[in-house]
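The block underneath contains the structure these notes are about, expressed in structure tokens.
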Protein chains: 6
Amino acid sequence: VKIILVNVNTSESMTEVIAAGARKYASPGTQTVALRPFFGPEAVDCNFESYLSAVGVMDRVLAYDEPYDAVVLAGFGEHGRDGLQELIEQPVIEICEASAYMAMLIARTYSVVTTLQRSVAAIEDRLRLAGVADRCASVRASGMSTLDIDADPQGAIRGIVEEARIAEAVVGLGLQTSKLCTYAAPEPKVIAGWPLSRPLGSHGKTDTRQAGSRS
Amino acid sequence: VKIILVNVNTSESMTEVIAAGARKYASPGTQTVALRPFFGPEAVDCNFESYLSAVGVMDRVLAYDEPYDAVVLAGFGEHGRDGLQELIEQPVIEICEASAYMAMLIARTYSVVTTLQRSVAAIEDRLRLAGVADRCASVRASGMSTLDIDADPQGAIRGIVEEARIAEAVVGLGLQTSKLCTYAAPEPKVIAGWPLSRPLGSHGKTDTRQAGSRS
Amino acid sequence: VKIILVNVNTSESMTEVIAAGARKYASPGTQTVALRPFFGPEAVDCNFESYLSAVGVMDRVLAYDEPYDAVVLAGFGEHGRDGLQELIEQPVIEICEASAYMAMLIARTYSVVTTLQRSVAAIEDRLRLAGVADRCASVRASGMSTLDIDADPQGAIRGIVEEARIAEAVVGLGLQTSKLCTYAAPEPKVIAGWPLSRPLGSHGKTDTRQAGSRS
Amino acid sequence: VKIILVNVNTSESMTEVIAAGARKYASPGTQTVALRPFFGPEAVDCNFESYLSAVGVMDRVLAYDEPYDAVVLAGFGEHGRDGLQELIEQPVIEICEASAYMAMLIARTYSVVTTLQRSVAAIEDRLRLAGVADRCASVRASGMSTLDIDADPQGAIRGIVEEARIAEAVVGLGLQTSKLCTYAAPEPKVIAGWPLSRPLGSHGKTDTRQAGSRS
Amino acid sequence: VKIILVNVNTSESMTEVIAAGARKYASPGTQTVALRPFFGPEAVDCNFESYLSAVGVMDRVLAYDEPYDAVVLAGFGEHGRDGLQELIEQPVIEICEASAYMAMLIARTYSVVTTLQRSVAAIEDRLRLAGVADRCASVRASGMSTLDIDADPQGAIRGIVEEARIAEAVVGLGLQTSKLCTYAAPEPKVIAGWPLSRPLGSHGKTDTRQAGSRS
Amino acid sequence: VKIILVNVNTSESMTEVIAAGARKYASPGTQTVALRPFFGPEAVDCNFESYLSAVGVMDRVLAYDEPYDAVVLAGFGEHGRDGLQELIEQPVIEICEASAYMAMLIARTYSVVTTLQRSVAAIEDRLRLAGVADRCASVRASGMSTLDIDADPQGAIRGIVEEARIAEAVVGLGLQTSKLCTYAAPEPKVIAGWPLSRPLGSHGKTDTRQAGSRS
């Protein structure tokens with residue numbers, strides 16, 4: 001399996017961080033290739049830049065003339081997925097949508113923390129059109145621009161790479177279910193008159209009395 | 001990685017088909033174990049049976065005393081995922097919800113074909129609570145009950161197993177994007193005055209004329 | 001308990017039919033009084049007439065100077081409930097909204113059959129603002145105007161009176177659950193290894209075999 | 001009319017409080033019977049316990065071999081209503097859904113106060129599937145578990161019993177419309193040139209002047 | 001073009017302010033006529049008064065026996081538009097709905113500030129039925145009644161008149177796009193290898209280096 | 001007032017038709033300028049072409065160095081409005097969104113007829129993000145591509161130009177309310193005991209009898 005990760009930014013350092021992260025997390029049988037557009041903005045933080053980037057990304061992927069199995073669009077909620085999908089047969093996985101799927105597998109609701117406040121609306125719109133806004137509790141901004149994050153790639157890029165790994169599967173990431181509220185473990189309680197296997201029954205305290213007189 | 005597939009039905013033959021399918025499609029490094037409840041209905045086709053099955057499934061998974069990484073709940077839209085998720089730390093992946101995610105990665109809308117008409121409402125409700133009903137175009141019934149399908153497992157079970165493989169990743173399945181309508185390839189057209197890479201530009205016919213007088 | 005039923009039409013014959021129906025279906029301890037506005041349209045079939053009627057109904061209820069416990073607004077989705085509710089302390093029960101509640105108690109979805117096509121939009125809007133449009137499958141028109149129905153009161157008024165009886169309770173009406181699809185009875189099936197009471201267990205065929213080997 | 005109230009908990013004291021409340025509020029002609037499951041959790045506070053309870057409730061109602069007219073499912077938003085409804089012909093009234101109807105008859109929006117924070121999601125889902133979430137302003141937790149409430153039944157159970165009485169009708173409860181905001185009484189104001197009955201007109205100050213020159 | 005502005009209140013002073021505002025803002029070729037109902041409440045602040053006003057407004061417009069091209073209903077979210085629209089051929093433009101359109105042309109979301117808290121629900125319902133609630137961020141109350149505003153017409157009426165001018169067009173009002181957040185100008189950034197016109201390219205800093213090696 | 005109409009296609013003939021239409025329908029005081037991008041696809045019928053066009057449109061508008069008051073984006077539901085709005089202060093009016101507003105002023109629901117089937121999804125998404133999908137009854141395809149329409153500009157472009165005139169105001173277009181269903185005129189009916197002005201009252205047949213005995 002060979003997966004292309006296309007950075008939406010032309011930043012060389014950011015693309016290298018994506019490449020390193022992909023190599024680190026990919027399964028043994030999975031080959032990853034990180035690309036960046038030939039032209040376009042250094043970093044994408046608004047709709048103007050996102051449209052420039054969309055054309056650059058389509059151009060770069062079509063210029064890649066070796067075989068591959070899927071494209072991961074490494075721009076969180078940016079424009080262009082639908083256009084690229086028209087041009088190629090392989091699945092195009094946009095990481096904002098993919099992150100939502102992964103979050104919904106392990107929690108009832110999820111929140112997004114993005115870069116600048118101006119990006120909140122774009123991400124809300126992207127989640128909505130992707131049909132996964134229903135369980136999104138909030139989209140919030142950190143106040144850091146994409147270039148700010150590029151200057152501190154270690155801390156910030158980690159999240160992007162992990163989200164992109166939906167193509168590798170949630171299980172391999174060692175993710176566990178949030179036990180904070182909805183999926184917290186039951187409190188031990190008396191469960192009367194029920195022939196459950198010991199491990200399930202032990203969530204209740206044994207009660208040898210009959211719960212009621214059976215008709 | 002070790003994944004448990006729990007059949008919601010106590011049918012032995014159906015469980016064997018699930019086990020065989022899982023072995024066939026699993027990645028080399030992935031171990032799968034197919035279980036069926038100790039008690040409960042032979043096949044689940046209504047809410048009454050689905051509730052019995054929910055308790056049987058929770059009981060069976062907790063009685064499994066070896067380590068594992070995830071549980072796939074092999075019942076399409078049946079009750080019990082939220083209860084089981086409370087009892088264990090590992091992700092519980094219900095195949096109705098997981099199928100929707102997979103479908104949404106490769107198409108703009110999707111449809112579900114289920115067994116009996118009476119199951120349509122339950123699946124609609126499940127998709128809705130899972131937050132993925134928005135892009136569901138329809139839920140339709142084949143008219144075959146779960147036992148009918150059990151009697152012809154080869155044709156019918158294939159779909160269930162494939163849907164359960166979201167935990168293995170969409171790429172490995174060799175899935176390709178639907179080119180029927182939304183993601184159909186663009187028709188060749190004149191694209192004027194644009195320095196695109198050849199493969200992208202070739203979607204348009206070359207036009208050496210200047211599109212307009214630049215200011 | 002004393003309930004006022006206010007006709008939204010000034011038609012005398014229609015008001016008499018409402019009065020007779022209310023007397024027939026009311027519980028022993030419940031007194032009903034059917035009123036009609038002092039002024040307003042003979043029959044209400046459009047928004048213009050509905051606004052005239054809204055003022056007439058508010059005027060008529062406030063002119064009633066004896067004590068009462070509730071008002072049933074006997075006009076299906078007509079304007080005026082919110083205004084009347086501002087003027088009096090007692091609950092004002094509008095029969096379009098009340099019918100939806102009753103329908104939702106005994107079925108998963110419901111449909112409305114109204115008079116003219118032009119009333120469909122008004123009823124859709126009323127159900128939507130009442131917050132009960134979600135389970136409304138359709139609103140359809142019979143093509144009969146309110147005056148057409150007045151000319152054949154026996155057949156047509158029966159529905160209105162029955163719907164108004166939500167204030168008397170769904171149980172007393174002898175209503176039963178729809179068994180057509182969602183709430184159809186389960187088919188008999190093998191339910192293995194489960195200590196259910198006989199009446200519940202008898203929905204399954206007895207199976208003395210152990211469903212599986214318990215850990 | 002004979003109504004069965006099924007407690008979803010096996011707690012004997014809680015069932016007695018339900019029985020006493022039902023006797024106190026029932027209409028003269030209405031007989032009530034309070035039942036508790038033969039097996040299942042003492043109190044239900046999570047999905048795991050709710051599924052156990054669902055089976056216990058279905059088992060208990062089918063074991064009841066005398067005639068009755070309706071079942072009130074006395075568990076706020078718990079699982080099982082749809083399964084029980086498949087098994088019997090009589091209406092099954094779940095008190096979370098029924099409370100919403102009653103609240104919507106007397107107020108524009110309503111809020112739910114439940115037990116633990118972990119139950120908020122389950123109640124939100126229940127209201128949503130019931131199609132009545134639209135006018136639900138909030139679901140909030142008191143922080144008391146079901147057993148905490150059982151220890152102080154007088155104060156806490158009163159709400160449950162009252163909500164279950166939707167089968168008896170909102171009028172009999174002596175409920176009045178909320179006049180806090182939306183349905184507050186109009187302020188007196190000049191209403192010019194309008195032949196309203198005195199009680200309605202008195203909401204305005206009399207104005208003998210002509211409001212304008214009529215064409 | 002001749003536009004009728006109908007005040008929903010019978011207040012003479014408020015109608016004069018509307019007339020003056022309309023004269024001031026109308027285009028040269030546009031004639032405006034401000035009318036008030038022959039009967040009805042001095043000011044409208046609740047549903048009871050809104051229904052009285054709805055009849056008064058329909059009566060006043062039909063009593064106007066000269067030709068005109070459109071009616072602006074100068075009551076924010078009041079009842080009656082649908083009834084009046086049935087009675088005449090010309091468009092009836094209700095200013096709550098029209099304001100929403102205008103706001104949506106220049107901003108991604110909008111908020112409404114109304115008079116009393118009791119009017120918030122009515123405006124929310126109006127926006128919802130008009131199909132434009134989706135981008136409404138909030139409806140809030142100033143605490144001033146309509147008569148309070150009438151006592152200080154200069155400051156308060158200005159907003160109403162401006163909103164009514166949707167019939168004159170958003171361009172003529174000299175409105176500009178909100179640049180606070182979503183539509184804020186892009187920050188200057190390096191845009192590599194792109195043959196954009198200078199004014200667009202100047203949003204980025206010139207970069208003579210090649211962004212990547214083109215295949 | 002000076003309005004720029006930017007064609008999203010580089011087709012010269014299509015731009016000329018837009019220019020001619022704009023001159024014909026503009027108000028006397030309104031100056032219109034029709035532009036086409038310096039580079040980009042001849043006609044836009046898919047997402048790939050729409051992204052190319054979005055960059056070309058932003059480039060062309062910023063290259064226009066004379067003053068203007070508003071931009072009309074003459075591409076039905078194409079990408080780019082949000083990016084262009086970031087770059088300039090003047091309102092950017094996209095004709096898909098503007099058409100919806102105009103349709104909603106004169107009818108309760110509206111439908112869109114577009115070019116190819118593949119554009120239906122894009123328009124549905126555009127209407128949804130614009131917050132005006134609620135009253136959209138359907139989006140349908142004619143089967144003609146944009147170039148097909150260009151070949152027969154007279155018939156096809158007329159609709160585009162008219163829709164773009166929302167900036168000029170609905171009244172000037174001579175539009176009238178649809179009387180087909182919702183806003184059909186009331187049928188004459190007896191309206192009893194009501195002091196309405198003659199033109200309004202004449203919608204009812206005069207009834208000199210007192211409708212009831214007034215208290």
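To be explicit about the labels: the chains of the structure tokens are called A, B, and onward in the order shown, and within each one the residues are counted from 1, while ligands get numbers from 1 in the order they are shown.
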
Tell me as a PDB file with C-alpha atoms, in the first residue's frame which residues belonging to chain F come within 6 Å of chain A, counting only C-alpha atoms.
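Final output, iface33.pdb:
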```
ATOM      1  CA  ASN F  47     -15.217  21.375  -9.160  1.00  0.00           C
ATOM      2  CA  PHE F  48     -11.816  21.149 -10.842  1.00  0.00           C
ATOM      3  CA  GLY F  83     -11.899  34.346  -0.957  1.00  0.00           C
TER       4      GLY F  83
END
```

Next item on the list: With a distance cut-off of 6 Å and only C-alpha atoms, select the neighbouring residues of Ala137 of chain E, excluding the residue or stretch itself and same-chain residues fewer than 2 positions from it, and output the selection as a PyMOL selection string.
Entry: chain E and resi 109-111

Notebook entry, point to check: What are the DSSP strand (DSSP E) residues of segment 83-129 of chain C, as a PyMOL selection string?
Noted result: chain C and resi 92-94+110-114

Item checked: atom CA of Lys2 of chain C to atom CA of Phe76 of chain C, straight-line distance in Å -> 21.4 Å

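Nearest residue to Val61 of chain C, choosing from C:Ser99, C:Pro28, C:Glu16, C:Leu5 and counting only C-alpha atoms: C:Leu5.
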
Check: atom CA of Ser138 of chain C to atom CA of Thr114 of chain C: how many Å, to one decimal?
Finding: 10.7 Å

Note to self: Among segment 20-190 of chain E, which residues does DSSP mark as alpha helix (DSSP H) when it is run on the backbone? Keep the chain and numbering as in the structure and answer as a count of residues only.
What the structure shows: 72

Notebook entry, point to check: In Å, how far is it from atom CA of Ala133 of chain A to atom CA of Gln117 of chain D?
Noted result: 22.8 Å

Next item on the list: May I ask which of the residues E:Asp59, E:Glu66, E:Asp45, E:Glu12 is the closest one to Val33 of chain E, counting only C-alpha atoms?
Entry: E:Glu66
